[in-house]
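Asker: Once you've had a glance at the structure underneath, I'll fire off some questions.
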Number of protein chains: 2
Amino acid sequence: MLKRYLLAPGPTQIPPEVLLKMAEPMVHHRNPMFEVVVDEVRENLRHLFGTANEVLIFSSSGTGAMEGAVTNMLSPGDKAIVVRSGKFGERWAEICSAYGVESVNIDLPWGDVLDPAAVERTLRENPDAKAVYMQATETSTGTMFPVKEVADIVRGCPGTLMVVDGITGVGVFALPMDDWGIDVLIGGSQKALMLPPGLAFAGVSDKAWEFSKASRMPRFYFNWAKERDNLKKNQTNFTPAISLIVGLRESLRLLREEGLENVYRRSDMLARATREGARAIGLEVFSRNPSPAVTAICAPEGIDGQAVYKTLWKKYGVTGAGGQDQLKGKIFRLATLGYADKYDVITAVAAIEFALRDLGYAFTMGAGVAAATDCLKDL
Amino acid sequence: MLKRYLLAPGPTQIPPEVLLKMAEPMVHHRNPMFEVVVDEVRENLRHLFGTANEVLIFSSSGTGAMEGAVTNMLSPGDKAIVVRSGKFGERWAEICSAYGVESVNIDLPWGDVLDPAAVERTLRENPDAKAVYMQATETSTGTMFPVKEVADIVRGCPGTLMVVDGITGVGVFALPMDDWGIDVLIGGSQKALMLPPGLAFAGVSDKAWEFSKASRMPRFYFNWAKERDNLKKNQTNFTPAISLIVGLRESLRLLREEGLENVYRRSDMLARATREGARAIGLEVFSRNPSPAVTAICAPEGIDGQAVYKTLWKKYGVTGAGGQDQLKGKIFRLATLGYADKYDVITAVAAIEFALRDLGYAFTMGAGVAAATDCLKDL
């Protein structure tokens with residue numbers, strides 16, 4: 001018998017009540033029964049994103065909404081500033097390049113801290129930059145970025161939009177769009193929203209809607225203005241991923257029931273406990289500014305990070321993630337977002353101990369679990 | 001008590017075993033356990049599409065794959081021929097227009113028969129047309145189009161692709177891509193594939209892959225070459241709609257178990273019975289070449305088609321569809337694709353009788369159901 005524990009930074013575990021809701025017989029989307037669902041979802045998404053504006057819903061993975069944040073806001077030949085410090089920062093630059101947008105990249109070593117002054121300087125040097133594209137937290141490195149501080153800078157530039165990929169941020173820590181002045185905030189279903197992948201979200205500010213009027217990019221499936229107009233009637237432009245939206249109603253209810261502040265505190269404490277558990281057995285956390293969503297742990301000297309990840313999955317039932325691209329083999333990752341509790345973290349740390357013992361790493365068995373448990377005593 | 005019967009032309013009913021599969025705990029997509037699923041799905045999709053090439057899988061509604069059939073195949077300024085005889089034919093022209101492709105439209109009255117000679121003539125007048133875009137069956141009017149005959153014509157034009165929206169066709173009747181010379185064949189999950197909406201498919205011929213090499217359209221989320229390269233490794237370019245792919249494995253198994261010829265015969269006979277049931281109570285079928293996927297029935301003189309559709313749904317538990325755009329109020333529609341059997345059709349015809357009686361239409365109660373039942377005696 002091998003029980004499976006999913007602790008990857010997306011997809012994440014799904015609460016049984018959400019799974020069951022999605023297993024109910026299919027309903028039709030052009031129907032008042034479904035419109036009631038969409039109406040409730042709209043309200044709870046606005047609450048989660050901290051905005052009075054509509055939060056758009058797309059049937060796609062998060063990348064589809066990232067693409068839309070370029071194709072609905074800019075025009076070919078425009079310039080944009082991109083913070084690149086991991087796989088998903090690179091994705092912003094790739095999307096810009098695919099659509100003929102010149103990206104001025106702020107390149108940081110992966111896992112490094114972003115100094116808001118670097119954005120300020122780059123904006124001063126490129127006053128014609130139409131947008132700043134960045135992550136709230138970079139999933140590939142487990143790093144937090146100073147969204148509020150950067151938003152404060154961009155807010156002062158009427159010609160520049162603040163666009164944040166919050167795919168592993170929304171529902172993990174506060175990203176109040178309207179308060180902070182985030183113009184576009186992207187989310188995805190398979191992270192803190194505790195759903196299967198297949199839905200993406202975008203909160204859009206009034207300033208961003210103004211930009212979208214001037215945008216001359218070709219678009220059809222990801223036409224944000226049309227989605228907004230449909231959403232106001234509790235509809236979607238095209239047939240939506242109905243079962244996922246039915247599940248979304250349930251997961252948004254769960255988040256609201258727990259209370260967003262409690263959800264954020266939980267993720268934060270789970271990530272702290274993961275880090276303390278790792279450190280207690282001599283491991284190093286990769287990021288210089290670790291995220292509450294996902295913890296990247298450096299493989300010990302002489303041990304392959306992919307071997308840790310694979311042993312965790314194959315032999316010990318815990319699905320985390322390995323390192324991507326330049327970090328492949330160097331790190332392994334464990335997530336603490338969405339439907340994860342203290343026992344998940346204790347389980348994960350125990351599995352790390354078992355796996356590292358197998359791989360010949362020397363440490364005091366149980367020290368990691370003890371430290372994690374101590375860290376979690378007040379959660 | 002009001003039991004619900006879903007007989008809309010998408011979404012359609014989902015077999016309970018497929019619903020339950022999708023309710024299993026989430027699995028990670030970058031994992032051998034999921035790769036086994038994708039491997040089986042690829043093989044069964046090739047069988048369903050009648051092709052030796054890969055059938056691409058997108059996390060989007062069917063429209064996303066239609067968009068990709070323009071953005072991956074053509075370049076801005078190209079010319080394409082579009083058959084327009086309903087809402088979805090119009091969609092092809094809208095996508096072309098959004099991406100700067102000049103569409104030469106073959107406009108037919110909605111519900112009319114397409115004469116392949118019209119395509120031949122248009123191709124002769126526009127030898128520079130890079131593609132013919134059409135539907136296998138137009139969902140908005142319940143009409144079949146002569147795909148094989150048109151493909152025979154396009155096959156003789158090395159500079160022109162044959163692109164078919166088979167969203168309500170694949171799995172309803174035979175559309176063997178390789179045999180017929182269809183270059184791109186589009187499918188959607190929420191039709192004959194008996195799944196929730198959220199997945200789209202595209203079979204792509206060698207000729208189409210050659211065209212895609214020359215295409216200079218901007219694209220990122222719907223990058224077909226990258227999807228193909230990932231699919232060969234049982235992966236997807238971005239995080240896919242995992243639960244729907246898990247369900248897809250199950251529904252493709254069901255289709256193969258029944259045998260495609262039997263599936264096609266079933267849909268055909270169900271649609272015939274729907275038409276005979278309607279005619280037996282004096283109703284007229286809207287299309288001049290009716291589809292086995294969906295039957296559009298004209299509302300009787302003096303009765304609003306929307307009222308029929310709404311009464312069916314509200315009072316009699318049967319969810320069909322109304323008319324769209326120019327057909328709104330003139331027709332109502334009932335589908336016979338996917339997980340539908342003879343009792344579904346008898347139920348639907350009975351509900352039509354109940355609803356029309358309420359709306360003041362004069363006929364012999366039970367005549368429709370009797371005709372439908374007689375029609376279904378050998379299924």
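The chains in the structure tokens are called A, B, ... from first to last as shown; in each chain the residues are counted from 1, and the ligands are counted from 1 in the order shown.
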Could you list, as a VMD selection string, every residue within 7 Å of Leu48 (chain A), counting only C-alpha atoms and ignoring same-chain residues fewer than 3 positions away?
Answerer: chain A and resid 44 to 45 171
Asker: Using only C-alpha atoms, I'd like every residue of chain A that has an atom within 6 Å of chain B; please write them out as a list in words.
Answerer: Leu19, Ala23, Ser59, Ser60, Gly64, Ala98, Tyr99, Pro197, Gly198, Pro218, Tyr221 and Ala241 of chain A
Asker: Using only C-alpha atoms for the distances, tell me which of A:Glu54, A:Asp178, A:Glu301, A:Glu353 is nearest to Gly203 (chain A).
Answerer: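 Going through A:Glu54, A:Asp178, A:Glu301, A:Glu353 one by one, the smallest distance to Gly203 (chain A) is for A:Glu54.
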Asker: When you look at Trp110 (chain A) with a cut-off of 12 Å (counting only C-alpha atoms), what residues show up, excluding the ones that are within fewer than 6 positions of it in the same chain? I need them as a list in words.
Answerer: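 Residues meeting the cut-off are Val83, Arg84, Ser85, Gly86, Lys87, Phe88, Gly89, Glu90, Glu138, Thr139, Ser140, Thr141, Gly142, Thr143, Met144, Phe145, Phe286, Ser287, Arg288, Asn289, Pro290, Ala296, Gly323, Gln324, Asp325, Gln326, Leu327 and Ile331 of chain A.
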Asker: Work out how far CA of Arg249 (chain A) is from CA of Thr311 (chain B), in Å to one decimal.
Answerer: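 Interatomic distance, CA of Thr311 (chain B) to CA of Arg249 (chain A): 27.5 Å.
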Asker: Could you give me, as a PDB file with C-alpha atoms, in the first residue's frame, the residues within 12 Å of Asn262 (chain B), counting only C-alpha atoms and dropping anything in the same chain fewer than 5 positions from it?
Answerer:
```
ATOM      1  CA  GLY B 171     -17.816  10.852 -32.638  1.00  0.00           C
ATOM      2  CA  VAL B 172     -21.242  11.394 -34.247  1.00  0.00           C
ATOM      3  CA  PHE B 173     -20.469  10.289 -37.792  1.00  0.00           C
ATOM      4  CA  ALA B 174     -17.371   9.168 -39.669  1.00  0.00           C
ATOM      5  CA  LEU B 254     -16.330   3.647 -23.838  1.00  0.00           C
ATOM      6  CA  LEU B 255     -16.488   4.789 -27.468  1.00  0.00           C
ATOM      7  CA  ARG B 256     -14.016   2.146 -28.552  1.00  0.00           C
ATOM      8  CA  GLU B 257     -15.794  -0.549 -26.560  1.00  0.00           C
ATOM      9  CA  SER B 267     -26.667   8.849 -33.242  1.00  0.00           C
ATOM     10  CA  ASP B 268     -28.091   8.549 -36.733  1.00  0.00           C
ATOM     11  CA  MET B 269     -31.084   6.505 -35.585  1.00  0.00           C
ATOM     12  CA  LEU B 379     -31.795   0.067 -32.075  1.00  0.00           C
TER      13      LEU B 379
END
```
Asker: Identify which of the residues A:Leu193, A:Val246, A:Ala299, A:Ile57 lies closest to Asn223 (chain A), counting only C-alpha atoms when measuring atom-to-atom distances.
Answerer: A:Ile57
Asker: Among region 100-345 of chain A, which ones does DSSP place in helix (DSSP H, G or I), written as a PyMOL selection string?
Answerer: chain A and resi 116-125+147-155+177-180+206-214+224-231+242-258+260-280+305-314+325-327+342-345
Asker: Quick one: distance from CA of Gly329 (chain A) to CA of Pro300 (chain A) in Å, one decimal?
Answerer: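 CA of Pro300 (chain A) lies at a distance of 10.5 Å from CA of Gly329 (chain A).
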Asker: For the atom pair CA of Lys207 (chain A) and CA of Lys130 (chain A), what is the interatomic distance in Å to one decimal place?
Answerer: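 Between CA of Lys207 (chain A) and CA of Lys130 (chain A) the gap works out to 11.8 Å.
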